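Asker: Structure in structure tokens, see below.
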Amino acid sequence: MTDATANTMKVKLKIKRFDPAESGGKTWWQDYEVDVHPDSTVLDSLIEVREQNDGTLALRCACRASICGSCGMKVNGSAKLVCKTRVVDVAPNGEQLTIEPMGNQHVVRDLVVSLDTFFSQINRVEPYLQPSFVPESGEYTASNESMENLLTGMNCIMCGCCVSDCTVLEVDANFIGPAALAKAWRFTEDPRDSKRDERLKNLNDEDGGMWDCTRCMKCVEVCPKGVAPMDRIMELREAAIEAGNTNTSGYHHTESFYNSVKKHGRLDETRLAIDSAGWTNIPRLLDLAPIGIAAMRKGKLPPVFPHKAEDNKKVKDLYERVEDAD
Amino acid sequence: MYEHDVLIIGGGLAGLRAAVEVTRAGADVAVISKVHPVRSHSNAAQGGINAPLTDRGEDWKGHAFDTIKGSDFLADQDAVEVMSSEAGEAVLELERMGVIFSRDENGKLGTRAFGGQKEARTYFVGAITGSAILHVLFEQSLKLGLNVYEEWFVTKLIIEDGACRGVVSIDLKTGEMHTIKAKAVIIAAGGAGRVFEPSTNALICTGDGLSLAYRAGVPLMDMEMIQYHPTTLARTGILMSEAARGEGGYLLNSSGERFMQKVAPEYMELASRDVVSRAEQTEIDEGRGVDGNVLLDLRHLGREYIEAKLGYLQEVSVEFLGIDMAEQPVPVQPGMHYIMGGIKTNIDGETVVPGLYAAGECANVSVHGANRLGANSLLDTVVFGRRSGAHAVEYIKTVGDHSKSEEDIKSEKARIQALLDRPKGERVATVRNDMARGMTKGIGVFRDQASMEGALENLVNVKSRMDGFSVENKGKVFNTDLMFALELEFMVDCAEAVVAGALTRKESRGAHYRTDITERDDENWLKHTLMYKDETAENGVRVETSDVTITQWEPIKRVY
Ligand SMILES: Cc1cc2nc3c(=O)[nH]c(=O)nc-3n(C[C@H](O)[C@H](O)[C@H](O)COP(=O)(O)OP(=O)(O)OC[C@H]3O[C@@H](n4cnc5c(N)ncnc54)[C@H](O)[C@@H]3O)c2cc1C
Ligand code: SF4
Ligand code: SF4
Ligand code: FES
């Protein structure tokens with residue numbers, strides 16, 4: 001699409017390559033420089049590389065309009081849809097852009113990651129409407145507000161950006177992940193679905209379920225479609241508590257402490273507060289949780305998002321060594 | 001060894017709807033798709049899906065007539081009758097599967113207005129209708145445990161004793177080639193927008209399905225009918241849905257005049273797409289444009305309304321051009337959007353080759369004729385996707401064992417190896433761009449004998465370079481470079497059929513508007529053009545014609 005006569009802009013890219021053909025695979029960084037139209041997106045630049053420079057570069061893209069969900073990758077360390085990212089916004093002064101495949105998913109080649117991780121997470125939430133009856137004819141009656149409410153979830157294009165940057169998934173592959181939980185929310189909120197209680201109970205009880213999120217905000221930051229998975233997770237938690245899901249086996253103070261430190265190398269105090277209120281102490285929790293969450297979402301409380309200790313990996317290794325020694 | 005009763009090429013709306021139907025009938029079915037199903041281009045549909053809801057007393061004939069008038073009387077009326085009369089149930093069924101269609105105050109489905117139609121009968125989900133429906137059909141496929149060969153690329157149909165018996169394909173993740181045998185194959189491989197540049201279509205819309213059928217001896221019908229959408233975003237070519245006008249948006253020229261007044265005083269901005277695109281192009285050509293564009297103005301709708309009803313459009317406008325539509329009009333221009341032409345089928349999706357079906361944008365039933373109404377394509381995909389699936393289930397009962405032959409995979413392996421072994425030559429992208437720009441130039445909103453001959457000349461040049469390009473990537477895993485080369489070959493077939501159809505039709509009808517013959521000619525041209533691949537014919541195409549089916553609506557002059 002570049003017009004040689006129009007004014008162009010130089011884009012400098014440093015791309016992480018991976019070739020699985022070499023024994024065990026070979027990873028390297030490669031620099032490229034291309035001339036594109038000044039309004040170009042990062043995707044336009046990558047296509048220019050692929051088409052005019054290096055046909056071996058592999059990446060996925062299709063719609064060029066932030067709707068198909070193909071083009072998630074890391075730009076300067078954080079996951080983005082590159083078709084929606086204009087070069088001037090990420091490299092205003094012609095800085096070199098660092099492009100890598102998304103995180104927390106297995107790399108197939110160059111910027112292409114396997115879709116298995118993402119879709120197996122989605123599959124865990126029985127991601128389809130389960131109504132109690134199907135009308136013989138016509139449609140379900142539902143208010144427009146209740147349908148518009150679901151748009152937030154339906155806007156998800158399954159790009160995987162949130163999964164890529166989720167800090168819990170980094171250390172706990174069993175976590176169901178932000179996109180799957182947002183998908184689950186889309187069904188628990190749907191007035192036509194009859195499995196709300198079961199869904200909430202499963203996500204409440206399940207290992208790696210809704211309580212594993214540490215509210216690090218990353219998914220909200222990187223989601224290109226305003227799904228704000230963490231907010232959906234908080235709503236799931238509220239709903240789970242409201243539905244009476246408090247009597248589960250685990251989640252006592254110690255476990256919570258253990259898990260939190262293992263995952264973050266630091267304590268998640270809010271989570272600890274809720275956990276140690278005791279899972280049978282329903283009135284107390286009902287008092288605490290929604291208020292705290294609502295206040296936090298409105299920014300009224302200083303956020304208590306757990307930030308990972310610098311050397312998270314060391315903490316995790318430490319735990320694993322202790323566990324192994326058992 | 002891979003074997004199924006029914007194999008469906010394509011995981012978009014047509015393909016998934018067909019797959020649901022076959023699964024429900026208890027047959028063994030698989031979908032093969034070069035991208036993950038939710039990446040299919042159906043996700044890009046914004047505005048909505050049309051349906052007269054007969055269960056509440058709407059008359060489907062109103063929709064049928066609007067469709068036929070929109071088609072400039074080139075649609076086959078028996079096919080339109082099927083589509084319009086089955087539309088209501090098709091859309092209601094999508095709702096029952098889980099689509100979150102917008103509602104009215106009684107909690108029933110609510111509508112928005114769309115172009116070329118007397119009544120508002122377009123059902124929608126914000127400005128993400130296609131995505132919302134595709135994701136729900138994908139959910140259903142998970143529920144049903146559908147087999148999906150995802151990121152597998154079909155290179156050839158297997159035809160034995162005149163019937164279709166499967167496909168040859170490449171698993172992109174490993175680079176290995178495989179035969180998948182089937183008793184029936186449904187092509188639901190989408191459109192061919194990338195034959196043109198620019199286009200609103202995704203980079204994957206390369207006409208593979210059309211070419212696969214064409215190479216197997218099936219005619220492509222009315223390929224000259226290319227829809228230019230009136231509102232594509234300046235420079236990027238990204239679509240700004242017709243919903244923008246359906247919700248009340250204006251089109252303005254450089255002096256702020258609503259120029260549609262001059263050509264469609266009754267329908268104004270909501271006249272049929274071909275009519276609006278020509279009006280815009282005329283403004284631009286006669287110097288009343290704004291840097292080669294006209295303006296789409298939504299300011300009077302107010303920010304709240306824009307964000308609630310047209311959120312995705314606002315997002316695109318801000319992200320790609322930095323324009324807030326509540327404050328400023330956006331520059332738009334006509335852009336290649338849809339191909340009305342396609343694989344000739346009957347109302348059950350059958351082609352002339354037994355066991356081979358087609359549905360969706362790649363097929364031509366024909367319900368869109370010379371100009372498709374907005375929001376009729378999604379309808380086409382689900383109605384004829386379902387019908388193809390249902391018919392294929394019956395057909396396979398008449399077929400014996402799977403084919404045993406390994407001929408096709410051998411020859412395909414050799415062909416592809418030869419492509420990889422070529423000495424360094426031109427880049428695929430260079431050849432593709434030359435082809436696509438030439439097509440837009442010659443077969444545009446307006447065309448004439450000279451421009452179409454120019455397109456042909458350009459195409460002849462492109463074809464002469466098809467042995468000279470090379471594939472740089474020799475690796476196996478995710479070799480998209482190889483895929484782009486194979487796609488280019490598919491696109492050139494489509495381009496060939498488009499140009500042949502355009503040069504054949506000596507009249508103006510719908511999207512085929514010739515400035516040298518400006519009138520519709522029902523006496524001689526109330527006909528379909530049929531393009532057959534034929535190496536012995538001039539330019540490799542043999543063109544035949546066939547009559548249009550008229551049931552109850554005699555052609556009248558088209559005024560909006
Ligand atoms: C921007 C945009 C907006 C639109 N808005 C509307 C609208 O509001 N209303 C409306 O009615 N219509 C709209 N349309 C048109 C409509 O979206 C499409 O015509 C329709 O969705 C096509 O669906 P399909 O199932 O036929 O094909 P697609 O959804 O394109 O699916 C094609 C499938 O075939 C597969 N495939 C292709 N080639 C191969 C191969 N070689 N091997 C394996 N698999 C292959 C692909 O992977 C894909 O899964 C719009 C179109 C565009 C471009
Ligand atoms: S907020 Fe929760 S789900 Fe989102 S990225 Fe952080 S840990 Fe993951
Ligand atoms: S929630 Fe957002 S980031 Fe995550 S997959 Fe969906 S669209 Fe992508
Ligand atoms: S290319 Fe489709 S989301 Fe970026």
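Ordering of the structure tokens sets the chain letters (A, B, ...); residue numbers start at 1 within each chain; ligands are numbered from 1 in the order shown.
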Kindly work out which residues sit at most 12 Å from ligand 4, using only C-alpha atoms and all ligand atoms, and give the list as an MDAnalysis selection string.

Answerer: (chainID A and resid 41:44 46:47 59:73 80:86 156:161 223:225) or (chainID B and resid 35:36 38:44 131 201:204 238 316)

Asker: Taking only C-alpha atoms and all ligand atoms into account, list the residues no farther than 8 Å from ligand 2, as number ranges by chain.

Answerer: A: 162-163, 165-169, 177-179, 212-220, 229-230, 233

Asker: Applying 8 Å and only C-alpha atoms, which residues near Leu111 (chain A) remain after dropping the ones on its own chain fewer than 5 positions away? List them as a list in words.

Answerer: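 Surrounding residues, per the criterion: Lys16, Arg17, Phe18, Ala58, Leu59, Arg60, Met73, Glu100, Pro101 and Met102 of chain A.
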
Asker: For a quick test of understanding: name the residues of chain B lying within 6 Å of chain A when counting only C-alpha atoms, and present them as a PyMOL selection string.

Answerer: chain B and resi 39+92+98+100+102-103+107-108+139+202-204+429+472-473+481

Asker: At a cut-off of 7 Å, using only C-alpha atoms, what residues contact region 75-79 of chain B? Leave out same-chain residues fewer than 4 positions from it and give the result as a list of chain:residue names.

Answerer: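 So, after excluding close chain neighbours, the residues are B:Ile68, B:Ser71, B:Met83, B:Ile347, B:Val365, B:Ser366, B:Val367, B:His368, B:Gly369, B:Val548, B:Thr549, B:Ile550, B:Thr551.
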
Asker: So how far away is CA of Pro423 (chain B) from CA of Lys173 (chain B), in Å?

Answerer: 25.1 Å

Asker: What lies within 8 Å of Thr117 (chain A) using only C-alpha atoms, ignoring chain neighbours under 3 positions off, as a ChimeraX atom specification?

Answerer: /A:105-106,114,120-121

Asker: Please produce an output containing C-alpha atoms for each residue in the selection, written as a compact mmCIF listing (two decimals), in the first residue's frame.

Answerer:
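Written out: again_20.txt:
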```
# COMPACT_ATOMS: atom_id res chain seq x y z
CA GLN A 105 1.96 -19.88 24.73
CA HIS A 106 4.21 -22.25 22.88
CA SER A 114 0.25 -22.42 19.19
CA SER A 120 -8.03 -25.47 25.91
CA GLN A 121 -8.56 -22.77 28.54
```

Asker: Looking only at strand (DSSP E or B) from DSSP on the backbone, list the matching residues of region 234-403 of chain B as an mmCIF file with all heavy atoms, in the first residue's frame.

Answerer:
```cif
data_model
loop_
_atom_site.group_PDB
_atom_site.id
_atom_site.type_symbol
_atom_site.label_atom_id
_atom_site.label_comp_id
_atom_site.auth_asym_id
_atom_site.auth_seq_id
_atom_site.Cartn_x
_atom_site.Cartn_y
_atom_site.Cartn_z
ATOM 1 N N LEU B 239 -13.620 -1.024 6.225
ATOM 2 C CA LEU B 239 -15.044 -0.770 6.050
ATOM 3 C C LEU B 239 -15.654 0.058 7.178
ATOM 4 O O LEU B 239 -15.384 -0.174 8.348
ATOM 5 C CB LEU B 239 -15.792 -2.101 5.989
ATOM 6 C CG LEU B 239 -17.293 -1.919 5.755
ATOM 7 C CD1 LEU B 239 -17.571 -1.653 4.294
ATOM 8 C CD2 LEU B 239 -18.073 -3.097 6.253
ATOM 9 N N TYR B 250 -25.132 10.959 7.288
ATOM 10 C CA TYR B 250 -25.234 11.656 6.004
ATOM 11 C C TYR B 250 -23.960 11.466 5.188
ATOM 12 O O TYR B 250 -22.871 11.285 5.740
ATOM 13 C CB TYR B 250 -25.390 13.168 6.219
ATOM 14 C CG TYR B 250 -26.620 13.588 6.982
ATOM 15 C CD1 TYR B 250 -26.589 14.758 7.766
ATOM 16 C CD2 TYR B 250 -27.804 12.861 6.920
ATOM 17 C CE1 TYR B 250 -27.712 15.176 8.466
ATOM 18 C CE2 TYR B 250 -28.927 13.272 7.621
ATOM 19 C CZ TYR B 250 -28.886 14.427 8.401
ATOM 20 O OH TYR B 250 -29.983 14.828 9.087
ATOM 21 N N LEU B 251 -24.131 11.594 3.869
ATOM 22 C CA LEU B 251 -22.959 11.671 2.990
ATOM 23 C C LEU B 251 -22.904 13.083 2.430
ATOM 24 O O LEU B 251 -23.904 13.581 1.888
ATOM 25 C CB LEU B 251 -23.078 10.663 1.845
ATOM 26 C CG LEU B 251 -22.915 9.194 2.227
ATOM 27 C CD1 LEU B 251 -23.261 8.295 1.042
ATOM 28 C CD2 LEU B 251 -21.490 8.912 2.717
ATOM 29 N N LEU B 252 -21.753 13.728 2.557
ATOM 30 C CA LEU B 252 -21.612 15.119 2.117
ATOM 31 C C LEU B 252 -20.476 15.251 1.110
ATOM 32 O O LEU B 252 -19.493 14.534 1.170
ATOM 33 C CB LEU B 252 -21.282 16.016 3.328
ATOM 34 C CG LEU B 252 -22.184 15.912 4.552
ATOM 35 C CD1 LEU B 252 -21.657 16.825 5.672
ATOM 36 C CD2 LEU B 252 -23.632 16.264 4.211
ATOM 37 N N VAL B 290 -13.283 15.485 -1.348
ATOM 38 C CA VAL B 290 -12.307 16.042 -0.416
ATOM 39 C C VAL B 290 -11.103 15.096 -0.458
ATOM 40 O O VAL B 290 -11.155 14.006 0.107
ATOM 41 C CB VAL B 290 -12.894 16.104 1.019
ATOM 42 C CG1 VAL B 290 -11.877 16.663 1.997
ATOM 43 C CG2 VAL B 290 -14.188 16.898 1.043
ATOM 44 N N ASN B 293 -12.094 11.773 -1.587
ATOM 45 C CA ASN B 293 -13.097 11.126 -0.742
ATOM 46 C C ASN B 293 -14.358 11.984 -0.683
ATOM 47 O O ASN B 293 -14.341 13.138 -1.107
ATOM 48 C CB ASN B 293 -12.584 10.989 0.697
ATOM 49 C CG ASN B 293 -11.345 10.131 0.783
ATOM 50 O OD1 ASN B 293 -11.409 8.926 0.667
ATOM 51 N ND2 ASN B 293 -10.201 10.764 0.950
ATOM 52 N N VAL B 294 -15.435 11.411 -0.125
ATOM 53 C CA VAL B 294 -16.559 12.238 0.312
ATOM 54 C C VAL B 294 -16.591 12.108 1.836
ATOM 55 O O VAL B 294 -15.765 11.411 2.413
ATOM 56 C CB VAL B 294 -17.895 11.774 -0.321
ATOM 57 C CG1 VAL B 294 -17.875 11.969 -1.826
ATOM 58 C CG2 VAL B 294 -18.202 10.338 0.045
ATOM 59 N N LEU B 295 -17.542 12.790 2.476
ATOM 60 C CA LEU B 295 -17.545 12.779 3.930
ATOM 61 C C LEU B 295 -18.748 12.037 4.493
ATOM 62 O O LEU B 295 -19.876 12.227 4.032
ATOM 63 C CB LEU B 295 -17.537 14.213 4.469
ATOM 64 C CG LEU B 295 -16.314 15.044 4.046
ATOM 65 C CD1 LEU B 295 -16.496 16.503 4.474
ATOM 66 C CD2 LEU B 295 -15.030 14.464 4.632
ATOM 67 N N LEU B 296 -18.483 11.210 5.486
ATOM 68 C CA LEU B 296 -19.555 10.518 6.207
ATOM 69 C C LEU B 296 -19.727 11.265 7.530
ATOM 70 O O LEU B 296 -18.802 11.344 8.337
ATOM 71 C CB LEU B 296 -19.149 9.062 6.464
ATOM 72 C CG LEU B 296 -20.068 8.233 7.371
ATOM 73 C CD1 LEU B 296 -21.444 8.065 6.752
ATOM 74 C CD2 LEU B 296 -19.446 6.871 7.651
ATOM 75 N N ASP B 297 -20.922 11.828 7.698
ATOM 76 C CA ASP B 297 -21.146 12.721 8.839
ATOM 77 C C ASP B 297 -22.145 12.114 9.826
ATOM 78 O O ASP B 297 -23.308 11.887 9.494
ATOM 79 C CB ASP B 297 -21.682 14.055 8.309
ATOM 80 C CG ASP B 297 -21.722 15.117 9.391
ATOM 81 O OD1 ASP B 297 -21.326 14.802 10.541
ATOM 82 O OD2 ASP B 297 -22.148 16.246 9.089
ATOM 83 N N VAL B 330 -15.929 11.727 8.809
ATOM 84 C CA VAL B 330 -14.769 10.948 8.350
ATOM 85 C C VAL B 330 -14.759 10.869 6.825
ATOM 86 O O VAL B 330 -15.803 10.698 6.202
ATOM 87 C CB VAL B 330 -14.751 9.492 8.863
ATOM 88 C CG1 VAL B 330 -14.095 9.395 10.197
ATOM 89 C CG2 VAL B 330 -16.127 8.866 8.858
ATOM 90 N N PRO B 331 -13.565 10.953 6.214
ATOM 91 C CA PRO B 331 -13.466 10.791 4.769
ATOM 92 C C PRO B 331 -13.630 9.327 4.369
ATOM 93 O O PRO B 331 -12.997 8.450 4.946
ATOM 94 C CB PRO B 331 -12.043 11.277 4.454
ATOM 95 C CG PRO B 331 -11.284 11.172 5.737
ATOM 96 C CD PRO B 331 -12.264 11.250 6.861
ATOM 97 N N VAL B 332 -14.504 9.092 3.396
ATOM 98 C CA VAL B 332 -14.738 7.723 2.923
ATOM 99 C C VAL B 332 -14.781 7.702 1.401
ATOM 100 O O VAL B 332 -14.979 8.733 0.764
ATOM 101 C CB VAL B 332 -16.070 7.145 3.456
ATOM 102 C CG1 VAL B 332 -16.037 6.958 4.957
ATOM 103 C CG2 VAL B 332 -17.254 8.029 3.048
ATOM 104 N N GLN B 333 -14.612 6.530 0.843
ATOM 105 C CA GLN B 333 -14.665 6.375 -0.611
ATOM 106 C C GLN B 333 -15.199 4.988 -0.938
ATOM 107 O O GLN B 333 -15.194 4.108 -0.087
ATOM 108 C CB GLN B 333 -13.266 6.555 -1.199
ATOM 109 C CG GLN B 333 -12.270 5.592 -0.589
ATOM 110 C CD GLN B 333 -10.837 5.824 -1.042
ATOM 111 O OE1 GLN B 333 -10.211 4.919 -1.509
ATOM 112 N NE2 GLN B 333 -10.343 7.033 -0.905
ATOM 113 N N PRO B 334 -15.661 4.795 -2.187
ATOM 114 C CA PRO B 334 -16.109 3.451 -2.553
ATOM 115 C C PRO B 334 -14.910 2.502 -2.548
ATOM 116 O O PRO B 334 -13.820 2.879 -2.980
ATOM 117 C CB PRO B 334 -16.636 3.613 -3.987
ATOM 118 C CG PRO B 334 -16.763 5.069 -4.231
ATOM 119 C CD PRO B 334 -15.809 5.750 -3.315
ATOM 120 N N GLY B 335 -15.111 1.282 -2.058
ATOM 121 C CA GLY B 335 -14.013 0.313 -2.028
ATOM 122 C C GLY B 335 -14.542 -1.072 -2.332
ATOM 123 O O GLY B 335 -15.649 -1.429 -1.935
ATOM 124 N N MET B 336 -13.711 -1.862 -3.019
ATOM 125 C CA MET B 336 -14.122 -3.216 -3.379
ATOM 126 C C MET B 336 -14.465 -3.982 -2.102
ATOM 127 O O MET B 336 -13.730 -3.983 -1.131
ATOM 128 C CB MET B 336 -12.974 -3.917 -4.114
ATOM 129 C CG MET B 336 -13.349 -5.237 -4.713
ATOM 130 S SD MET B 336 -13.448 -6.534 -3.476
ATOM 131 C CE MET B 336 -14.225 -7.832 -4.388
ATOM 132 N N HIS B 337 -15.614 -4.682 -2.135
ATOM 133 C CA HIS B 337 -16.131 -5.221 -0.885
ATOM 134 C C HIS B 337 -16.623 -6.663 -0.971
ATOM 135 O O HIS B 337 -16.457 -7.445 -0.053
ATOM 136 C CB HIS B 337 -17.285 -4.322 -0.444
ATOM 137 C CG HIS B 337 -17.938 -4.729 0.834
ATOM 138 N ND1 HIS B 337 -17.229 -4.866 2.007
ATOM 139 C CD2 HIS B 337 -19.227 -5.016 1.143
ATOM 140 C CE1 HIS B 337 -18.063 -5.218 2.981
ATOM 141 N NE2 HIS B 337 -19.274 -5.326 2.481
ATOM 142 N N TYR B 338 -17.240 -7.011 -2.088
ATOM 143 C CA TYR B 338 -17.941 -8.303 -2.118
ATOM 144 C C TYR B 338 -18.029 -8.783 -3.549
ATOM 145 O O TYR B 338 -18.096 -7.973 -4.477
ATOM 146 C CB TYR B 338 -19.355 -8.119 -1.563
ATOM 147 C CG TYR B 338 -20.154 -9.399 -1.451
ATOM 148 C CD1 TYR B 338 -20.043 -10.205 -0.322
ATOM 149 C CD2 TYR B 338 -21.011 -9.805 -2.472
ATOM 150 C CE1 TYR B 338 -20.770 -11.385 -0.219
ATOM 151 C CE2 TYR B 338 -21.739 -10.979 -2.374
ATOM 152 C CZ TYR B 338 -21.617 -11.762 -1.237
ATOM 153 O OH TYR B 338 -22.337 -12.918 -1.136
ATOM 154 N N ILE B 339 -18.026 -10.090 -3.725
ATOM 155 C CA ILE B 339 -18.178 -10.625 -5.073
ATOM 156 C C ILE B 339 -19.517 -11.349 -5.169
ATOM 157 O O ILE B 339 -19.755 -12.329 -4.483
ATOM 158 C CB ILE B 339 -16.953 -11.486 -5.461
ATOM 159 C CG1 ILE B 339 -17.117 -12.066 -6.860
ATOM 160 C CG2 ILE B 339 -16.642 -12.587 -4.465
ATOM 161 C CD1 ILE B 339 -15.785 -12.354 -7.528
ATOM 162 N N GLY B 342 -19.866 -16.230 -8.409
ATOM 163 C CA GLY B 342 -19.283 -17.348 -7.683
ATOM 164 C C GLY B 342 -19.593 -18.679 -8.331
ATOM 165 O O GLY B 342 -20.087 -18.736 -9.460
ATOM 166 N N ILE B 343 -19.312 -19.727 -7.550
ATOM 167 C CA ILE B 343 -19.503 -21.099 -8.026
ATOM 168 C C ILE B 343 -20.994 -21.326 -8.258
ATOM 169 O O ILE B 343 -21.797 -21.165 -7.347
ATOM 170 C CB ILE B 343 -19.008 -22.099 -6.955
ATOM 171 C CG1 ILE B 343 -17.550 -21.802 -6.576
ATOM 172 C CG2 ILE B 343 -19.199 -23.534 -7.432
ATOM 173 C CD1 ILE B 343 -17.092 -22.499 -5.297
ATOM 174 N N LYS B 344 -21.343 -21.711 -9.458
ATOM 175 C CA LYS B 344 -22.769 -21.885 -9.754
ATOM 176 C C LYS B 344 -23.327 -23.090 -9.002
ATOM 177 O O LYS B 344 -22.802 -24.200 -9.082
ATOM 178 C CB LYS B 344 -22.991 -22.070 -11.260
ATOM 179 C CG LYS B 344 -24.459 -22.267 -11.586
ATOM 180 C CD LYS B 344 -24.705 -22.434 -13.062
ATOM 181 C CE LYS B 344 -26.129 -22.929 -13.353
ATOM 182 N NZ LYS B 344 -27.169 -22.313 -12.534
ATOM 183 N N GLU B 350 -25.878 -27.698 -4.675
ATOM 184 C CA GLU B 350 -25.211 -28.640 -5.576
ATOM 185 C C GLU B 350 -24.570 -27.928 -6.759
ATOM 186 O O GLU B 350 -25.161 -27.023 -7.339
ATOM 187 C CB GLU B 350 -26.232 -29.634 -6.165
ATOM 188 C CG GLU B 350 -26.770 -30.644 -5.199
ATOM 189 C CD GLU B 350 -27.784 -31.535 -5.917
ATOM 190 O OE1 GLU B 350 -28.901 -31.071 -6.178
ATOM 191 O OE2 GLU B 350 -27.430 -32.693 -6.210
ATOM 192 N N LEU B 356 -20.088 -32.451 -4.994
ATOM 193 C CA LEU B 356 -19.438 -31.166 -4.718
ATOM 194 C C LEU B 356 -20.505 -30.087 -4.538
ATOM 195 O O LEU B 356 -21.328 -29.858 -5.416
ATOM 196 C CB LEU B 356 -18.492 -30.773 -5.866
ATOM 197 C CG LEU B 356 -17.713 -29.468 -5.629
ATOM 198 C CD1 LEU B 356 -16.788 -29.586 -4.418
ATOM 199 C CD2 LEU B 356 -16.903 -29.077 -6.861
ATOM 200 N N TYR B 357 -20.453 -29.440 -3.372
ATOM 201 C CA TYR B 357 -21.412 -28.397 -3.023
ATOM 202 C C TYR B 357 -20.657 -27.092 -2.792
ATOM 203 O O TYR B 357 -19.451 -27.094 -2.545
ATOM 204 C CB TYR B 357 -22.144 -28.763 -1.721
ATOM 205 C CG TYR B 357 -23.020 -29.976 -1.842
ATOM 206 C CD1 TYR B 357 -22.465 -31.257 -1.860
ATOM 207 C CD2 TYR B 357 -24.403 -29.851 -1.950
ATOM 208 C CE1 TYR B 357 -23.278 -32.375 -1.989
ATOM 209 C CE2 TYR B 357 -25.221 -30.965 -2.063
ATOM 210 C CZ TYR B 357 -24.651 -32.224 -2.086
ATOM 211 O OH TYR B 357 -25.447 -33.333 -2.211
ATOM 212 N N ALA B 358 -21.385 -25.982 -2.831
ATOM 213 C CA ALA B 358 -20.780 -24.712 -2.449
ATOM 214 C C ALA B 358 -21.818 -23.867 -1.743
ATOM 215 O O ALA B 358 -23.015 -23.934 -2.057
ATOM 216 C CB ALA B 358 -20.234 -23.976 -3.674
ATOM 217 N N ALA B 363 -20.151 -19.050 -3.328
ATOM 218 C CA ALA B 363 -21.180 -19.658 -4.173
ATOM 219 C C ALA B 363 -22.023 -18.581 -4.847
ATOM 220 O O ALA B 363 -22.067 -17.443 -4.422
ATOM 221 C CB ALA B 363 -22.076 -20.553 -3.329
ATOM 222 N N ASN B 364 -22.686 -18.978 -5.921
ATOM 223 C CA ASN B 364 -23.644 -18.087 -6.558
ATOM 224 C C ASN B 364 -24.901 -18.894 -6.838
ATOM 225 O O ASN B 364 -24.952 -19.685 -7.760
ATOM 226 C CB ASN B 364 -23.057 -17.520 -7.855
ATOM 227 C CG ASN B 364 -23.941 -16.432 -8.441
ATOM 228 O OD1 ASN B 364 -25.049 -16.200 -7.962
ATOM 229 N ND2 ASN B 364 -23.447 -15.755 -9.459
#
```

Asker: Residues within 9 Å of Gly190 (chain B), please, as a list in words. Count only C-alpha atoms; anything in the same chain fewer than 3 positions from it doesn't count.

Answerer: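 The residues that qualify are Gly10, Gly12, Ala14, Ser40, His41, Ser42, Ile187, Cys205, Thr206, Gly207, Asp208, Gly209, Leu210, Ala359, Gly360, Glu361, Cys362 and Ala363 of chain B.
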
Asker: Let me make sure I understand: among A:Val75, A:Val49, A:Ala180, A:Val34, which one has the smallest atom-to-atom distance to ligand 3 if we use only C-alpha atoms and all ligand atoms?

Answerer: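 Of all the options, A:Ala180 lies closest to ligand 3.
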
Asker: Near region 215-224 of chain B, within 10 Å and counting only C-alpha atoms, which residues show up once chain neighbours fewer than 4 positions away are dropped, as an NGL selection string?

Answerer: :B and (74 or 156-159 or 162-164 or 209-211 or 339-345 or 351-353 or 356 or 362-366 or 369-370 or 443 or 490 or 493-505 or 511-512 or 527-534 or 542-546)

Asker: Please give the complete set of residues from region 309-444 of chain B that DSSP, run on the backbone, assigns to helix (DSSP H, G or I), formatted as a ChimeraX atom specification.

Answerer: /B:309,311-321,377-396,407-420,428-442

Asker: Between CA of Ile556 (chain B) and CA of Asp522 (chain B), what is the distance, to one decimal in Å?

Answerer: 9.7 Å
